[in-house]
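Some notes on the structure that comes next.
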There are 2 protein chains.
Amino acid sequence: MNQVSKIDFIKAEKLKEKPDPDTLQFGKNFTDYMFMMDFDGENGWVNPIIKPFESITLSPASFVFHYGQAVFEGLKAYKTIDERSVIFRPEKHIARLNASCKRLCIPPLDSELVLEALTTLVELEKDWIPEKEGTSLYIRPFVISTEPYLGVRPSHHYKFMIILSPVGAYYSDGQLNPVKIYVEDEYVRAVKGGVGHVKTPGNYAASILAQERANEVGYEQVLWLDGKENKYIEEVGSMNIFFKINGEIYTPKLNGSILPGVTRDSVIQIVHDWGIPLHEELISIDDLYETYQKGQLEEVFGTGTAATISPVGELKWEEHVMTINHFETGEFAKKLYETMTGFHYGKIEDKFGWIKEL
Amino acid sequence: MNQVSKIDFIKAEKLKEKPDPDTLQFGKNFTDYMFMMDFDGENGWVNPIIKPFESITLSPASFVFHYGQAVFEGLKAYKTIDERSVIFRPEKHIARLNASCKRLCIPPLDSELVLEALTTLVELEKDWIPEKEGTSLYIRPFVISTEPYLGVRPSHHYKFMIILSPVGAYYSDGQLNPVKIYVEDEYVRAVKGGVGHVKTPGNYAASILAQERANEVGYEQVLWLDGKENKYIEEVGSMNIFFKINGEIYTPKLNGSILPGVTRDSVIQIVHDWGIPLHEELISIDDLYETYQKGQLEEVFGTGTAATISPVGELKWEEHVMTINHFETGEFAKKLYETMTGFHYGKIEDKFGWIKEL
């Protein structure tokens with residue numbers, strides 16, 4: 001399917017000044033260009049274009065405002081130590097985007113065209129990829145339903161867009177700082193049969209209140225339990241979670257309500273490669289606490305595109321407080337972080353084929 | 001808190017032609033004006049204005065596109081048989097809107113101002129209320145989060161809007177047509193601890209796939225079971241559900257994942273007023289089927305703002321097909337429909353204080 005690019009281009013009259021990479025806040029600055037493509041029932045996905053980043057105009061009756069039919073992805077481009085511009089596992093993210101579309105009854109996207117859009121846009125904006133270690137260019141592809149219609153059935157019109165946002169180092173001093181996590185036992189993020197396993201806005205909207213409550217009592221993130229029994233560990237905030245117990249690694253099995261994280265998948269492949277036993281299984285919070293009491297819970301960490309690896313220093317569950325590894329970053333989490341960022345910044349050979357060079 | 005209206009007004013240069021009330025489709029036509037108000041963290045809700053219905057301009061990074069923080073309501077204005085323009089239970093809808101805001105971490109709206117906005121807008125647009133029995137003017141108040149920001153925490157900016165859409169008769173021939181309902185046993189709409197009890201777009205996005213699947217096999221709506229045990233009846237499509245069993249009325253108890261419908265509440269008050277026993281309780285699909293097999297399930301009907309009362313003629317659960325009342329509209333559902341529409345069109349005295357006259 002190699003072909004001349006179908007993507008139109010409108011040049012920006014003036015480029016923005018790049019923000020200071022040392023004070024960058026996540027998700028607030030956007031680059032000069034964006035990608036856009038429209039869907040209508042008759043013509044399918046049409047008019048792919050890269051054009052200056054600008055506001056869009058929509059009817060107040062647009063479907064997405066009322067019935068939330070929308071999906072998104074989050075991935076990153078990095079500047080390697082030898083000045084190449086690379087994207088981490090774009091094909092995997094595009095496959096997940098299409099899986100999300102399917103669950104939300106959004107017409108599928110042409111994966112090759114989306115990959116071309118991603119790479120062309122990031123190539124054009126490569127001067128926006130910050131150079132400092134730990135920094136990156138966040139890539140946000142998303143689909144919104146745009147038909148001005150108030151009945152509940154799949155929208156007939158959509159917009160697919162990609163916007164880019166340069167982000168500073170998640171760990172500003174280069175040290176991985178452990179976080180405090182509140183095990184949520186009242187609010188629920190998702191349940192089997194629902195949409196917890198896909199990236200759709202409603203999951204995030206539903207999570208905000210629990211996150212706010214956790215923040216109020218001094219915790220940075222929420223650990224979600226399953227919606228059926230309020231017992232099995234699912235994910236933390238917007239990351240997947242891993243445990244190191246007696247030298248082996250455990251993570252909740254994908255069950256239809258947990259997001260299949262791309263960082264999660266990468267970590268699993270690395271751990272297998274290292275020959276360390278890794279178990280994807282149901283993990284109840286009771287069992288985890290018992291493990292903690294026996295002194296066998298050695299490390300806890302989250303995985304996600306934002307932080308890559310986020311060590312957990314404290315877990316609060318009901319009246320129990322579990323302090324993990326003396327609230328210090330464990331050696332295993334640190335080694336994983338160095339390995340993952342080694343791939344990102346081209347310091348380790350791309351043996352898994354995860355790096356898409358522009 | 002009586003005061004001079006704070007609502008600004010911009011006059012439309014030209015008014016639209018009103019659509020033919022006989023061929024009106026739900027949710028496709030919008031009136032000449034809309035209400036809009038903005039929120040920012042510093043000033044609160046500001047700039048209430050009624051202005052011509054028009055598109056809005058938003059950053060592609062707007063919070064609602066990515067994290068779905070949004071809520072809405074749906075209510076109706078009617079033209080009574082003596083030519084008055086009335087709104088059905090606006091205060092109740094505004095209270096629910098604020099309950100939805102609370103769950104979604106959206107700053108609360110001033111109920112009095114919202115009521116003023118509603119009544120002022122509908123008064124201005126009263127020529128858009130169709131006159132024929134069964135028709136109405138659908139009122140859609142909604143809040144969307146508008147801050148251009150990709151981090152997950154409550155947005156700092158919002159828009160509250162009200163748009164109006166004239167709707168034709170739900171039952172075009174004046175006869176209540178029974179619907180066929182598919183009892184959903186794979187997909188789940190909501191779970192306790194989630195957001196099923198509030199009107200937020202994500203609930204509807206999550207429901208579309210099951211609805212599509214039901215349509216494909218010849219069913220008009222889905223009956224949702226609870227997310228924990230896939231056993232207890234919750235609601236049907238976007239309506240609440242009632243059963244007449246041995247002369248008494250049953251409806252699922254509000255449990256934190258069922259929407260507290262305003263029509264549901266109205267029907268409960270009417271049934272109490274009639275002195276007929278009504279039970280709000282857990283109803284399992286197994287028990288319902290047993291009741292059916294014993295020949296005690298006399299009527300089934302949905303309640304909601306769109307249809308008011310929607311008789312159910314068939315329920316399909318796993319391999320069982322339950323035909324209700326020979327697929328004919330029951331006397332009880334019919335009497336309820338006539339009573340409810342009697343209030344709407346001013347044919348029955350407003351003894352419950354539900355009718356807000358303009």
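In the structure tokens, chains take the letters A, B, ... in the order shown, each chain's residues start at 1, and ligands count up from 1 in the order shown.
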Can you build me a table of chain B residues sitting at most 8 Å from chain A, with the closest atom pair per residue and its distance in Å to one decimal, using only C-alpha atoms, sorted by chain and residue number, as CSV?
```
residue,atom,partner,partner_atom,distance
B:Phe26,CA,A:Gly151,CA,6.7
B:Gly27,CA,A:Leu150,CA,4.4
B:Lys28,CA,A:Tyr149,CA,5.3
B:Glu54,CA,A:Ser59,CA,6.7
B:Ser55,CA,A:Ser59,CA,4.3
B:Ile56,CA,A:Leu58,CA,5.5
B:Thr57,CA,A:Thr57,CA,4.4
B:Leu58,CA,A:Ser55,CA,5.1
B:Ser59,CA,A:Ser55,CA,4.3
B:Pro60,CA,A:Ser55,CA,6.0
B:Ala61,CA,A:Ile163,CA,7.7
B:Val64,CA,A:Phe65,CA,7.2
B:Phe65,CA,A:Ile144,CA,6.6
B:His66,CA,A:Pro201,CA,5.2
B:Tyr67,CA,A:Pro201,CA,4.1
B:Gly68,CA,A:Pro201,CA,4.5
B:Gln69,CA,A:Ala205,CA,4.8
B:Ala70,CA,A:Phe65,CA,7.2
B:Val71,CA,A:His66,CA,7.6
B:Phe72,CA,A:His66,CA,6.9
B:Arg103,CA,A:Leu209,CA,6.6
B:Leu104,CA,A:Leu209,CA,6.5
B:Cys105,CA,A:Leu209,CA,6.1
B:Phe142,CA,A:His66,CA,7.6
B:Ile144,CA,A:Phe65,CA,6.6
B:Pro148,CA,A:Lys28,CA,7.0
B:Tyr149,CA,A:Gly27,CA,5.3
B:Leu150,CA,A:Gly27,CA,4.4
B:Gly151,CA,A:Gly27,CA,6.0
B:Val152,CA,A:Tyr204,CA,7.2
B:Arg153,CA,A:Ile208,CA,6.0
B:Pro154,CA,A:Ile208,CA,6.7
B:Ile163,CA,A:Pro60,CA,7.7
B:Glu186,CA,A:Gly193,CA,5.8
B:Tyr187,CA,A:Gly193,CA,4.1
B:Val188,CA,A:Gly193,CA,4.7
B:Arg189,CA,A:Gly194,CA,6.3
B:Ala190,CA,A:Gly194,CA,7.4
B:Val191,CA,A:Gly227,CA,6.6
B:Lys192,CA,A:Val188,CA,7.2
B:Gly193,CA,A:Tyr187,CA,4.1
B:Gly194,CA,A:Val188,CA,5.1
B:Val195,CA,A:Ala206,CA,6.3
B:Thr200,CA,A:Tyr67,CA,7.6
B:Pro201,CA,A:Tyr67,CA,4.1
B:Gly202,CA,A:Gly202,CA,4.0
B:Asn203,CA,A:Gly202,CA,7.3
B:Tyr204,CA,A:Tyr67,CA,5.1
B:Ala205,CA,A:Gln69,CA,4.8
B:Ala206,CA,A:Val195,CA,6.3
B:Ile208,CA,A:Arg153,CA,6.0
B:Leu209,CA,A:Cys105,CA,6.1
B:Gln211,CA,A:Arg153,CA,7.7
B:Glu212,CA,A:Arg153,CA,7.6
B:Gly227,CA,A:Val191,CA,6.6
B:Lys228,CA,A:Lys228,CA,4.2
B:Glu229,CA,A:Lys228,CA,7.1
```
DSSP helix (DSSP H, G or I) selection over region 253-300 of chain B, as number ranges by chain: B: 262-273, 285-293
Using DSSP on the backbone, list every residue of region 167-292 of chain B that comes out as strand (DSSP E or B), and give them as a ChimeraX atom specification. /B:167,179-183,221-225,232-236,239-245,248-252,278-281,284
So which residues touch region 6-10 of chain B within 10 Å, counting only C-alpha atoms, skipping near sequence neighbours fewer than 5 positions away, as a ChimeraX atom specification? /B:33,35-37,46-52,113,116-117,120
Can you tell me which residues surround region 277-291 of chain B at a distance of at most 6 Å, considering only C-alpha atoms, apart from same-chain residues fewer than 5 positions away, and format the answer as JSON, numbers by chain? {"B": [231, 232, 233, 248, 249, 250, 251, 252, 253, 296, 297]}
Same residues, N, CA and C atoms, output as an mmCIF file, in the first residue's frame:
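In the end it all went to part06.cif:
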```cif
data_model
loop_
_atom_site.group_PDB
_atom_site.id
_atom_site.type_symbol
_atom_site.label_atom_id
_atom_site.label_comp_id
_atom_site.auth_asym_id
_atom_site.auth_seq_id
_atom_site.Cartn_x
_atom_site.Cartn_y
_atom_site.Cartn_z
ATOM 1 N N LYS B 231 -27.407 -9.675 37.435
ATOM 2 C CA LYS B 231 -28.581 -10.396 37.923
ATOM 3 C C LYS B 231 -29.759 -9.468 38.184
ATOM 4 N N TYR B 232 -29.486 -8.314 38.779
ATOM 5 C CA TYR B 232 -30.579 -7.420 39.179
ATOM 6 C C TYR B 232 -30.884 -6.407 38.079
ATOM 7 N N ILE B 233 -32.178 -6.198 37.855
ATOM 8 C CA ILE B 233 -32.639 -5.304 36.798
ATOM 9 C C ILE B 233 -32.363 -3.854 37.189
ATOM 10 N N GLU B 248 -49.994 -5.255 41.516
ATOM 11 C CA GLU B 248 -49.143 -4.299 42.229
ATOM 12 C C GLU B 248 -47.970 -3.880 41.353
ATOM 13 N N ILE B 249 -47.380 -2.725 41.691
ATOM 14 C CA ILE B 249 -46.338 -2.151 40.826
ATOM 15 C C ILE B 249 -44.964 -2.308 41.486
ATOM 16 N N TYR B 250 -44.002 -2.677 40.673
ATOM 17 C CA TYR B 250 -42.627 -2.871 41.141
ATOM 18 C C TYR B 250 -41.668 -2.091 40.244
ATOM 19 N N THR B 251 -40.653 -1.500 40.851
ATOM 20 C CA THR B 251 -39.587 -0.864 40.059
ATOM 21 C C THR B 251 -38.280 -1.011 40.830
ATOM 22 N N PRO B 252 -37.153 -1.143 40.112
ATOM 23 C CA PRO B 252 -35.886 -1.282 40.841
ATOM 24 C C PRO B 252 -35.628 -0.068 41.750
ATOM 25 N N LYS B 253 -35.147 -0.384 42.909
ATOM 26 C CA LYS B 253 -34.777 0.611 43.922
ATOM 27 C C LYS B 253 -33.530 1.365 43.445
ATOM 28 N N GLN B 296 -48.030 -14.213 36.217
ATOM 29 C CA GLN B 296 -48.345 -13.072 37.087
ATOM 30 C C GLN B 296 -47.792 -11.737 36.575
ATOM 31 N N LEU B 297 -46.977 -11.808 35.522
ATOM 32 C CA LEU B 297 -46.373 -10.565 35.000
ATOM 33 C C LEU B 297 -47.358 -9.932 34.017
#
```
Please, what distance in Å, to one decimal, runs between CA of Glu319 (chain B) and CA of Gly247 (chain B)?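 Spanning CA of Glu319 (chain B) to CA of Gly247 (chain B) is a straight-line distance of 27.2 Å.
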When distances are computed from only C-alpha atoms, which of A:Leu24, A:Ala214, A:Val86, A:Leu109 shows the smallest separation from Trp45 (chain A)? A:Leu109
Which residues are close to Thr80 (chain A), i.e. within 12 Å by only C-alpha atoms, leaving aside same-chain residues fewer than 2 positions away? Reply as JSON, numbers by chain. {"A": [77, 78, 82, 83, 84, 85, 86, 87, 88, 126, 129, 130, 131, 132, 133, 134, 135, 136, 341, 342, 343, 344, 345, 346, 347, 348, 349, 355, 356, 357, 358]}
One decimal, in Å: what's the spacing between CA of Asp173 (chain A) and CA of Gly302 (chain A)?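 Interatomic distance, CA of Asp173 (chain A) to CA of Gly302 (chain A): 19.0 Å.
Residue nearest Leu223 (chain B) within the list B:Leu315, B:Leu137, B:Phe160, B:Ile309: B:Leu315 [criterion: smallest interatomic distance, only C-alpha atoms].
Going from CA of Gly168 (chain A) to CA of Lys76 (chain A) covers 12.0 Å.
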